[in-house]
Amino acid sequence: MRLLVTGGAGFIGANFVKQTIVDHPDTTVTVLDALTYAGNRASLDPVADRIDFVHGDIADLDLVDELVSGVDAVVHFAAESHNDNSLADPWPFVQTNIVGTYSLLQAVRRYDVRYHHVSTDEVYGDLTPDEPAFTEQTPYNPSSPYSATKASSDLLVRAWTRSFGVRATLSNCSNNYGPYQHVEKFIPRQITNLIDGVRPRLYGAGHQVRDWIHVDDHNRAVWDILERGRIGQTYLIGAKGELDNKTVVRMILEAFDRDPDDFDHVTDRPGHDQRYAIDATLLRTELGWTPRYADFRAGLAATVQWYRDNESWWRPYKAITERAYVAAGEQTL
Ligand code: NAD
Ligand code: TDX
């Protein structure tokens, strides 16, 4: 199979490309990535001689048309992905997440190419502590500019499938953790703060709940859906990993042999979603997927070790990321 992977220099995309080279060696991979602040070519260094890398924008209709004409399937990871950035400046989110998805859909429609759309559980909004987990039937109710643009892109995919017969599947996954995640995100931010001797920074009281899944489990589910998913179907991906943010910060501190209360509370995120939780019954029963990383604490310890071992990968991004948080008004409470 000839595969076009958008956003392959980002966190999940780079892990997907590496997993693909190992688990599906007959697949030819072309990566299309704009190398925004979140893209890192070095994430693909271990497989550089096994892939074609194209530096370009998914919203470039001519480039996308040319690339899509030469492949059998597209897996679309590229996005503006950080909620905090979407509050500071929503425009790149509209452009990449909505217009970029439109561009890909027009091309897969023209060449009848199989398309898998990678999305997020945030399209469903948030849950109270007592509500049941999201399912494929949960109504869309996004809270942030990020999640609203991801929801918009999902709706475009559904419309192109119904109206134009595009052979698409969609997946909405919960919070990923693992190697190669940008230091702006919660877990890598706290790990790299601790490596730098800085106390972890918890938004507000830290009672918000996220449903953590290891990035490799997410990507194996994407492959299962690509190969065996029903056209037009949405699959939720999650590994029963619900934890509140305070608990996660305490676990990270413990992984550094530090006092688990040695963190700061900082300014909360406006509109902060309270809880995400995934019911992955459809994925498990229909496609037989099960997560391999059942022990979050062990996966977290491996992730901490990865950041310790790969400082040269994240160091160039650390100071600029922390300056952006200060510029956005983050203050210790
Ligand atoms: P990321 O920010 O780490 O990577 C995004 C990649 O897309 C980067 O390499 C960037 O250079 C590239 N990109 C951005 N704009 C582009 C454009 N216009 N053209 C081409 N490339 C562009 O993101 P991630 O965390 O790896 O997320 C990947 C996908 O998975 C996104 O669609 C995101 O919504 C979804 N998702 C993420 C999570 C999570 O926990 N990180 C959970 C569920 C779903
Ligand atoms: O320094 C921090 N302190 C903190 O308490 C940061 C960066 C975050 N947080 C909180 C906010 C969230 O409740 O931690 C939680 C996780 O934050 P993020 O890593 O920013 O992730 P989230 O906003 O939950 O969104 C993520 O999961 C769904 C990804 O960034 C999205 O791309 C994905 O769609």
# chains A, B, ... in the order shown; residues from 1 in each chain; ligands from 1
call {"tool": "residues_near_ligand", "arguments": {"ligand": "ligand 1", "cutoff": "7 Å", "atoms": "only C-alpha atoms and all ligand atoms", "output": "PyMOL selection string"}}
result
chain A and resi 6-13+32-40+56-59+76-82+96+100+118-121+150+172-177+181-182
call {"tool": "residues_near_ligand", "arguments": {"ligand": "ligand 2", "cutoff": "7 Å", "atoms": "only C-alpha atoms and all ligand atoms", "output": "NGL selection string"}}
result
:A and (81-84 or 119-122 or 174-176 or 184-187 or 189-190 or 201-203 or 206 or 208-210 or 245 or 272-273)
call {"tool": "residues_around", "arguments": {"residues": "A:Ala319", "least_positions_apart": "3", "cutoff": "12 Å", "atoms": "only C-alpha atoms", "output": "MDAnalysis selection string"}}
result
chainID A and resid 183:184 189 192:193 196 314:316 322:326
call {"tool": "residues_around", "arguments": {"residues": "A:Trp160", "least_positions_apart": "4", "cutoff": "8 Å", "atoms": "only C-alpha atoms", "output": "number ranges by chain"}}
result
A: 105, 109, 156, 164-166
call {"tool": "write_last_selection", "arguments": {"atoms": "C-alpha atoms", "output": "JSON list (two decimals), in the first residue's frame"}}
result
[["chain", "number", "residue", "atom", "x", "y", "z"],
["A", 105, "LEU", "CA", -11.17, 15.77, 0.99],
["A", 109, "ARG", "CA", -12.77, 12.57, -3.74],
["A", 156, "LEU", "CA", -16.80, 17.94, 6.50],
["A", 164, "PHE", "CA", -19.71, 12.33, -2.69],
["A", 165, "GLY", "CA", -19.09, 8.72, -1.67],
["A", 166, "VAL", "CA", -15.64, 9.40, -0.23]]
call {"tool": "residues_around", "arguments": {"residues": "A:Arg50", "least_positions_apart": "5", "cutoff": "9 Å", "atoms": "only C-alpha atoms", "output": "PyMOL selection string"}}
result
chain A and resi 21+28-29
call {"tool": "select_by_dssp", "arguments": {"residues": "stretch 58-226 of chain A", "states": "helix (DSSP H, G or I)", "output": "PyMOL selection string"}}
result
chain A and resi 61-68+83-88+91-111+121-124+145-164+186-195+215-226
call {"tool": "write_last_selection", "arguments": {"atoms": "C-alpha atoms", "output": "PDB file, in the first residue's frame"}}
result
ATOM      1  CA  LEU A  61      -4.644  22.423  -3.158  1.00  0.00           C
ATOM      2  CA  ASP A  62      -2.245  21.798  -6.054  1.00  0.00           C
ATOM      3  CA  LEU A  63       0.382  20.072  -3.920  1.00  0.00           C
ATOM      4  CA  VAL A  64      -2.202  17.935  -2.161  1.00  0.00           C
ATOM      5  CA  ASP A  65      -3.837  17.000  -5.467  1.00  0.00           C
ATOM      6  CA  GLU A  66      -0.503  15.840  -6.869  1.00  0.00           C
ATOM      7  CA  LEU A  67       0.441  13.824  -3.769  1.00  0.00           C
ATOM      8  CA  VAL A  68      -2.968  12.202  -3.326  1.00  0.00           C
ATOM      9  CA  ASN A  83      -5.946  24.361  23.086  1.00  0.00           C
ATOM     10  CA  ASP A  84      -3.994  27.159  24.775  1.00  0.00           C
ATOM     11  CA  ASN A  85      -2.694  28.396  21.410  1.00  0.00           C
ATOM     12  CA  SER A  86      -6.219  28.361  19.999  1.00  0.00           C
ATOM     13  CA  LEU A  87      -7.282  30.759  22.759  1.00  0.00           C
ATOM     14  CA  ALA A  88      -4.400  33.132  21.976  1.00  0.00           C
ATOM     15  CA  TRP A  91      -6.922  31.756  12.966  1.00  0.00           C
ATOM     16  CA  PRO A  92      -4.282  29.060  12.217  1.00  0.00           C
ATOM     17  CA  PHE A  93      -6.739  26.523  13.642  1.00  0.00           C
ATOM     18  CA  VAL A  94      -9.457  27.574  11.199  1.00  0.00           C
ATOM     19  CA  GLN A  95      -7.006  27.559   8.307  1.00  0.00           C
ATOM     20  CA  THR A  96      -5.257  24.237   8.958  1.00  0.00           C
ATOM     21  CA  ASN A  97      -7.949  22.198  10.663  1.00  0.00           C
ATOM     22  CA  ILE A  98     -10.879  23.238   8.472  1.00  0.00           C
ATOM     23  CA  VAL A  99      -9.461  24.523   5.159  1.00  0.00           C
ATOM     24  CA  GLY A 100      -6.652  21.936   5.248  1.00  0.00           C
ATOM     25  CA  THR A 101      -9.133  19.101   5.715  1.00  0.00           C
ATOM     26  CA  TYR A 102     -11.271  20.502   2.880  1.00  0.00           C
ATOM     27  CA  SER A 103      -8.228  20.417   0.615  1.00  0.00           C
ATOM     28  CA  LEU A 104      -7.527  16.751   1.401  1.00  0.00           C
ATOM     29  CA  LEU A 105     -11.167  15.773   0.993  1.00  0.00           C
ATOM     30  CA  GLN A 106     -11.370  17.335  -2.462  1.00  0.00           C
ATOM     31  CA  ALA A 107      -8.309  15.374  -3.543  1.00  0.00           C
ATOM     32  CA  VAL A 108      -9.377  11.984  -2.143  1.00  0.00           C
ATOM     33  CA  ARG A 109     -12.765  12.569  -3.738  1.00  0.00           C
ATOM     34  CA  ARG A 110     -11.223  13.222  -7.155  1.00  0.00           C
ATOM     35  CA  TYR A 111      -8.948  10.158  -7.084  1.00  0.00           C
ATOM     36  CA  ASP A 121     -12.723  13.323  21.939  1.00  0.00           C
ATOM     37  CA  GLU A 122     -12.831  17.077  22.594  1.00  0.00           C
ATOM     38  CA  VAL A 123     -15.435  17.456  19.832  1.00  0.00           C
ATOM     39  CA  TYR A 124     -17.980  16.120  22.359  1.00  0.00           C
ATOM     40  CA  PRO A 145     -11.533  27.128  19.119  1.00  0.00           C
ATOM     41  CA  TYR A 146      -9.312  24.031  18.766  1.00  0.00           C
ATOM     42  CA  SER A 147     -12.098  21.552  19.420  1.00  0.00           C
ATOM     43  CA  ALA A 148     -14.595  23.573  17.358  1.00  0.00           C
ATOM     44  CA  THR A 149     -12.288  23.435  14.329  1.00  0.00           C
ATOM     45  CA  LYS A 150     -11.683  19.703  14.824  1.00  0.00           C
ATOM     46  CA  ALA A 151     -15.466  19.189  15.074  1.00  0.00           C
ATOM     47  CA  SER A 152     -15.897  21.213  11.871  1.00  0.00           C
ATOM     48  CA  SER A 153     -13.372  19.040  10.077  1.00  0.00           C
ATOM     49  CA  ASP A 154     -15.166  15.866  11.233  1.00  0.00           C
ATOM     50  CA  LEU A 155     -18.438  17.211   9.843  1.00  0.00           C
ATOM     51  CA  LEU A 156     -16.799  17.943   6.496  1.00  0.00           C
ATOM     52  CA  VAL A 157     -15.608  14.323   6.357  1.00  0.00           C
ATOM     53  CA  ARG A 158     -19.070  13.002   7.139  1.00  0.00           C
ATOM     54  CA  ALA A 159     -20.619  15.238   4.447  1.00  0.00           C
ATOM     55  CA  TRP A 160     -18.044  14.244   1.803  1.00  0.00           C
ATOM     56  CA  THR A 161     -18.711  10.594   2.613  1.00  0.00           C
ATOM     57  CA  ARG A 162     -22.469  10.910   2.344  1.00  0.00           C
ATOM     58  CA  SER A 163     -22.681  13.358  -0.558  1.00  0.00           C
ATOM     59  CA  PHE A 164     -19.709  12.334  -2.688  1.00  0.00           C
ATOM     60  CA  PHE A 186       0.832  18.812  29.961  1.00  0.00           C
ATOM     61  CA  ILE A 187       2.969  15.719  30.612  1.00  0.00           C
ATOM     62  CA  PRO A 188       6.123  16.697  28.663  1.00  0.00           C
ATOM     63  CA  ARG A 189       5.928  20.214  30.086  1.00  0.00           C
ATOM     64  CA  GLN A 190       6.050  18.933  33.659  1.00  0.00           C
ATOM     65  CA  ILE A 191       8.751  16.328  32.919  1.00  0.00           C
ATOM     66  CA  THR A 192      11.031  18.875  31.247  1.00  0.00           C
ATOM     67  CA  ASN A 193      10.325  21.431  33.993  1.00  0.00           C
ATOM     68  CA  LEU A 194      11.530  18.899  36.534  1.00  0.00           C
ATOM     69  CA  ILE A 195      14.647  18.104  34.487  1.00  0.00           C
ATOM     70  CA  VAL A 215       0.379   6.924  21.569  1.00  0.00           C
ATOM     71  CA  ASP A 216       1.296   3.434  20.262  1.00  0.00           C
ATOM     72  CA  ASP A 217      -2.083   2.056  21.349  1.00  0.00           C
ATOM     73  CA  HIS A 218      -3.799   4.954  19.539  1.00  0.00           C
ATOM     74  CA  ASN A 219      -1.805   4.277  16.382  1.00  0.00           C
ATOM     75  CA  ARG A 220      -2.491   0.530  16.382  1.00  0.00           C
ATOM     76  CA  ALA A 221      -6.188   1.387  16.535  1.00  0.00           C
ATOM     77  CA  VAL A 222      -5.780   3.731  13.562  1.00  0.00           C
ATOM     78  CA  TRP A 223      -4.245   0.871  11.570  1.00  0.00           C
ATOM     79  CA  ASP A 224      -7.068  -1.491  12.592  1.00  0.00           C
ATOM     80  CA  ILE A 225      -9.625   1.061  11.396  1.00  0.00           C
ATOM     81  CA  LEU A 226      -7.726   1.767   8.184  1.00  0.00           C
TER      82      LEU A 226
END
call {"tool": "atom_distance", "arguments": {"atom1": "atom CA of A:Tyr140", "atom2": "atom CA of A:Arg275"}}
result
14.9 Å
call {"tool": "select_by_dssp", "arguments": {"residues": "stretch 37-67 of chain A", "states": "strand (DSSP E or B)", "output": "list in words"}}
result
Ile51, Asp52, Phe53, Val54 and His55 of chain A
call {"tool": "write_last_selection", "arguments": {"atoms": "all heavy atoms", "output": "short mmCIF file (atom, residue, chain, number, x, y, z; two decimals), in the first residue's frame"}}
result
data_model
loop_
_atom_site.label_atom_id
_atom_site.label_comp_id
_atom_site.auth_asym_id
_atom_site.auth_seq_id
_atom_site.Cartn_x
_atom_site.Cartn_y
_atom_site.Cartn_z
N ILE A 51 11.35 6.67 4.11
CA ILE A 51 10.15 7.43 3.75
C ILE A 51 10.49 8.54 2.76
O ILE A 51 11.66 8.91 2.62
CB ILE A 51 9.49 8.08 5.00
CG1 ILE A 51 10.45 9.10 5.64
CG2 ILE A 51 9.08 7.02 6.01
CD1 ILE A 51 9.79 9.98 6.68
N ASP A 52 9.45 9.06 2.10
CA ASP A 52 9.60 10.30 1.33
C ASP A 52 9.02 11.42 2.18
O ASP A 52 7.89 11.30 2.67
CB ASP A 52 8.82 10.22 0.01
CG ASP A 52 9.49 9.29 -0.97
OD1 ASP A 52 10.73 9.26 -0.99
OD2 ASP A 52 8.76 8.57 -1.68
N PHE A 53 9.79 12.49 2.34
CA PHE A 53 9.30 13.61 3.14
C PHE A 53 9.03 14.80 2.22
O PHE A 53 9.91 15.22 1.48
CB PHE A 53 10.32 14.00 4.21
CG PHE A 53 9.81 15.10 5.11
CD1 PHE A 53 9.06 14.79 6.24
CD2 PHE A 53 10.04 16.43 4.81
CE1 PHE A 53 8.56 15.80 7.05
CE2 PHE A 53 9.54 17.45 5.62
CZ PHE A 53 8.80 17.13 6.74
N VAL A 54 7.81 15.33 2.30
CA VAL A 54 7.46 16.52 1.53
C VAL A 54 7.15 17.65 2.50
O VAL A 54 6.26 17.51 3.35
CB VAL A 54 6.24 16.27 0.61
CG1 VAL A 54 5.88 17.53 -0.16
CG2 VAL A 54 6.52 15.10 -0.33
N HIS A 55 7.90 18.74 2.38
CA HIS A 55 7.68 19.90 3.24
C HIS A 55 6.64 20.79 2.56
O HIS A 55 6.92 21.43 1.56
CB HIS A 55 9.01 20.66 3.42
CG HIS A 55 8.90 21.85 4.31
ND1 HIS A 55 9.88 22.80 4.42
CD2 HIS A 55 7.91 22.23 5.16
CE1 HIS A 55 9.51 23.73 5.29
NE2 HIS A 55 8.32 23.40 5.75
#
call {"tool": "atom_distance", "arguments": {"atom1": "atom CA of A:Gly271", "atom2": "atom CA of A:Asp244"}}
result
16.9 Å
call {"tool": "decode", "arguments": {"residues": "stretch 299-330 of chain A", "atoms": "N, CA and C atoms", "output": "PDB file, in the first residue's frame"}}
result
ATOM      1  N   GLY A 299       4.014   3.229  31.792  1.00  0.00           N
ATOM      2  CA  GLY A 299       4.152   3.986  30.544  1.00  0.00           C
ATOM      3  C   GLY A 299       4.690   5.381  30.804  1.00  0.00           C
ATOM      4  N   LEU A 300       4.240   5.974  31.906  1.00  0.00           N
ATOM      5  CA  LEU A 300       4.716   7.309  32.274  1.00  0.00           C
ATOM      6  C   LEU A 300       6.206   7.271  32.626  1.00  0.00           C
ATOM      7  N   ALA A 301       6.611   6.245  33.374  1.00  0.00           N
ATOM      8  CA  ALA A 301       8.031   6.128  33.757  1.00  0.00           C
ATOM      9  C   ALA A 301       8.909   5.999  32.506  1.00  0.00           C
ATOM     10  N   ALA A 302       8.440   5.223  31.522  1.00  0.00           N
ATOM     11  CA  ALA A 302       9.201   5.080  30.275  1.00  0.00           C
ATOM     12  C   ALA A 302       9.268   6.420  29.539  1.00  0.00           C
ATOM     13  N   THR A 303       8.176   7.184  29.610  1.00  0.00           N
ATOM     14  CA  THR A 303       8.143   8.489  28.943  1.00  0.00           C
ATOM     15  C   THR A 303       9.099   9.463  29.637  1.00  0.00           C
ATOM     16  N   VAL A 304       9.112   9.442  30.957  1.00  0.00           N
ATOM     17  CA  VAL A 304      10.064  10.278  31.709  1.00  0.00           C
ATOM     18  C   VAL A 304      11.487   9.931  31.278  1.00  0.00           C
ATOM     19  N   GLN A 305      11.776   8.635  31.170  1.00  0.00           N
ATOM     20  CA  GLN A 305      13.127   8.208  30.773  1.00  0.00           C
ATOM     21  C   GLN A 305      13.456   8.681  29.361  1.00  0.00           C
ATOM     22  N   TRP A 306      12.462   8.641  28.474  1.00  0.00           N
ATOM     23  CA  TRP A 306      12.694   9.081  27.096  1.00  0.00           C
ATOM     24  C   TRP A 306      13.097  10.565  27.072  1.00  0.00           C
ATOM     25  N   TYR A 307      12.430  11.391  27.849  1.00  0.00           N
ATOM     26  CA  TYR A 307      12.777  12.833  27.869  1.00  0.00           C
ATOM     27  C   TYR A 307      14.140  13.057  28.519  1.00  0.00           C
ATOM     28  N   ARG A 308      14.487  12.225  29.502  1.00  0.00           N
ATOM     29  CA  ARG A 308      15.836  12.324  30.088  1.00  0.00           C
ATOM     30  C   ARG A 308      16.896  11.976  29.045  1.00  0.00           C
ATOM     31  N   ASP A 309      16.596  10.945  28.229  1.00  0.00           N
ATOM     32  CA  ASP A 309      17.584  10.442  27.262  1.00  0.00           C
ATOM     33  C   ASP A 309      17.656  11.279  25.984  1.00  0.00           C
ATOM     34  N   ASN A 310      16.661  12.107  25.740  1.00  0.00           N
ATOM     35  CA  ASN A 310      16.570  12.792  24.446  1.00  0.00           C
ATOM     36  C   ASN A 310      16.451  14.306  24.607  1.00  0.00           C
ATOM     37  N   GLU A 311      17.277  14.852  25.478  1.00  0.00           N
ATOM     38  CA  GLU A 311      17.212  16.292  25.740  1.00  0.00           C
ATOM     39  C   GLU A 311      17.494  17.108  24.471  1.00  0.00           C
ATOM     40  N   SER A 312      18.371  16.587  23.605  1.00  0.00           N
ATOM     41  CA  SER A 312      18.700  17.363  22.401  1.00  0.00           C
ATOM     42  C   SER A 312      17.475  17.517  21.498  1.00  0.00           C
ATOM     43  N   TRP A 313      16.520  16.585  21.618  1.00  0.00           N
ATOM     44  CA  TRP A 313      15.301  16.676  20.798  1.00  0.00           C
ATOM     45  C   TRP A 313      14.392  17.819  21.281  1.00  0.00           C
ATOM     46  N   TRP A 314      14.220  17.935  22.608  1.00  0.00           N
ATOM     47  CA  TRP A 314      13.255  18.930  23.097  1.00  0.00           C
ATOM     48  C   TRP A 314      13.880  20.259  23.515  1.00  0.00           C
ATOM     49  N   ARG A 315      15.155  20.276  23.835  1.00  0.00           N
ATOM     50  CA  ARG A 315      15.767  21.487  24.384  1.00  0.00           C
ATOM     51  C   ARG A 315      15.537  22.742  23.525  1.00  0.00           C
ATOM     52  N   PRO A 316      15.641  22.654  22.171  1.00  0.00           N
ATOM     53  CA  PRO A 316      15.467  23.881  21.373  1.00  0.00           C
ATOM     54  C   PRO A 316      14.081  24.515  21.525  1.00  0.00           C
ATOM     55  N   TYR A 317      13.108  23.740  22.006  1.00  0.00           N
ATOM     56  CA  TYR A 317      11.724  24.238  22.076  1.00  0.00           C
ATOM     57  C   TYR A 317      11.320  24.717  23.466  1.00  0.00           C
ATOM     58  N   LYS A 318      12.130  24.444  24.464  1.00  0.00           N
ATOM     59  CA  LYS A 318      11.673  24.616  25.847  1.00  0.00           C
ATOM     60  C   LYS A 318      11.521  26.091  26.244  1.00  0.00           C
ATOM     61  N   ALA A 319      12.580  26.879  26.049  1.00  0.00           N
ATOM     62  CA  ALA A 319      12.536  28.264  26.538  1.00  0.00           C
ATOM     63  C   ALA A 319      11.453  29.062  25.816  1.00  0.00           C
ATOM     64  N   ILE A 320      11.343  28.868  24.515  1.00  0.00           N
ATOM     65  CA  ILE A 320      10.360  29.643  23.743  1.00  0.00           C
ATOM     66  C   ILE A 320       8.933  29.267  24.173  1.00  0.00           C
ATOM     67  N   THR A 321       8.735  27.987  24.503  1.00  0.00           N
ATOM     68  CA  THR A 321       7.410  27.536  24.950  1.00  0.00           C
ATOM     69  C   THR A 321       7.068  28.164  26.296  1.00  0.00           C
ATOM     70  N   GLU A 322       8.010  28.170  27.211  1.00  0.00           N
ATOM     71  CA  GLU A 322       7.736  28.752  28.534  1.00  0.00           C
ATOM     72  C   GLU A 322       7.506  30.261  28.427  1.00  0.00           C
ATOM     73  N   ARG A 323       8.243  30.926  27.518  1.00  0.00           N
ATOM     74  CA  ARG A 323       8.031  32.368  27.321  1.00  0.00           C
ATOM     75  C   ARG A 323       6.617  32.635  26.814  1.00  0.00           C
ATOM     76  N   ALA A 324       6.113  31.745  25.961  1.00  0.00           N
ATOM     77  CA  ALA A 324       4.750  31.928  25.434  1.00  0.00           C
ATOM     78  C   ALA A 324       3.713  31.804  26.551  1.00  0.00           C
ATOM     79  N   TYR A 325       3.952  30.883  27.496  1.00  0.00           N
ATOM     80  CA  TYR A 325       3.011  30.766  28.619  1.00  0.00           C
ATOM     81  C   TYR A 325       3.018  32.029  29.472  1.00  0.00           C
ATOM     82  N   VAL A 326       4.209  32.605  29.678  1.00  0.00           N
ATOM     83  CA  VAL A 326       4.297  33.859  30.446  1.00  0.00           C
ATOM     84  C   VAL A 326       3.573  34.975  29.688  1.00  0.00           C
ATOM     85  N   ALA A 327       3.831  35.069  28.380  1.00  0.00           N
ATOM     86  CA  ALA A 327       3.210  36.124  27.566  1.00  0.00           C
ATOM     87  C   ALA A 327       1.690  35.995  27.569  1.00  0.00           C
ATOM     88  N   ALA A 328       1.180  34.757  27.693  1.00  0.00           N
ATOM     89  CA  ALA A 328      -0.272  34.544  27.715  1.00  0.00           C
ATOM     90  C   ALA A 328      -0.870  34.883  29.083  1.00  0.00           C
ATOM     91  N   GLY A 329      -0.017  35.258  30.036  1.00  0.00           N
ATOM     92  CA  GLY A 329      -0.525  35.717  31.325  1.00  0.00           C
ATOM     93  C   GLY A 329      -0.540  34.671  32.424  1.00  0.00           C
ATOM     94  N   GLU A 330       0.125  33.539  32.216  1.00  0.00           N
ATOM     95  CA  GLU A 330       0.124  32.500  33.250  1.00  0.00           C
ATOM     96  C   GLU A 330       0.847  33.005  34.501  1.00  0.00           C
TER      97      GLU A 330
END
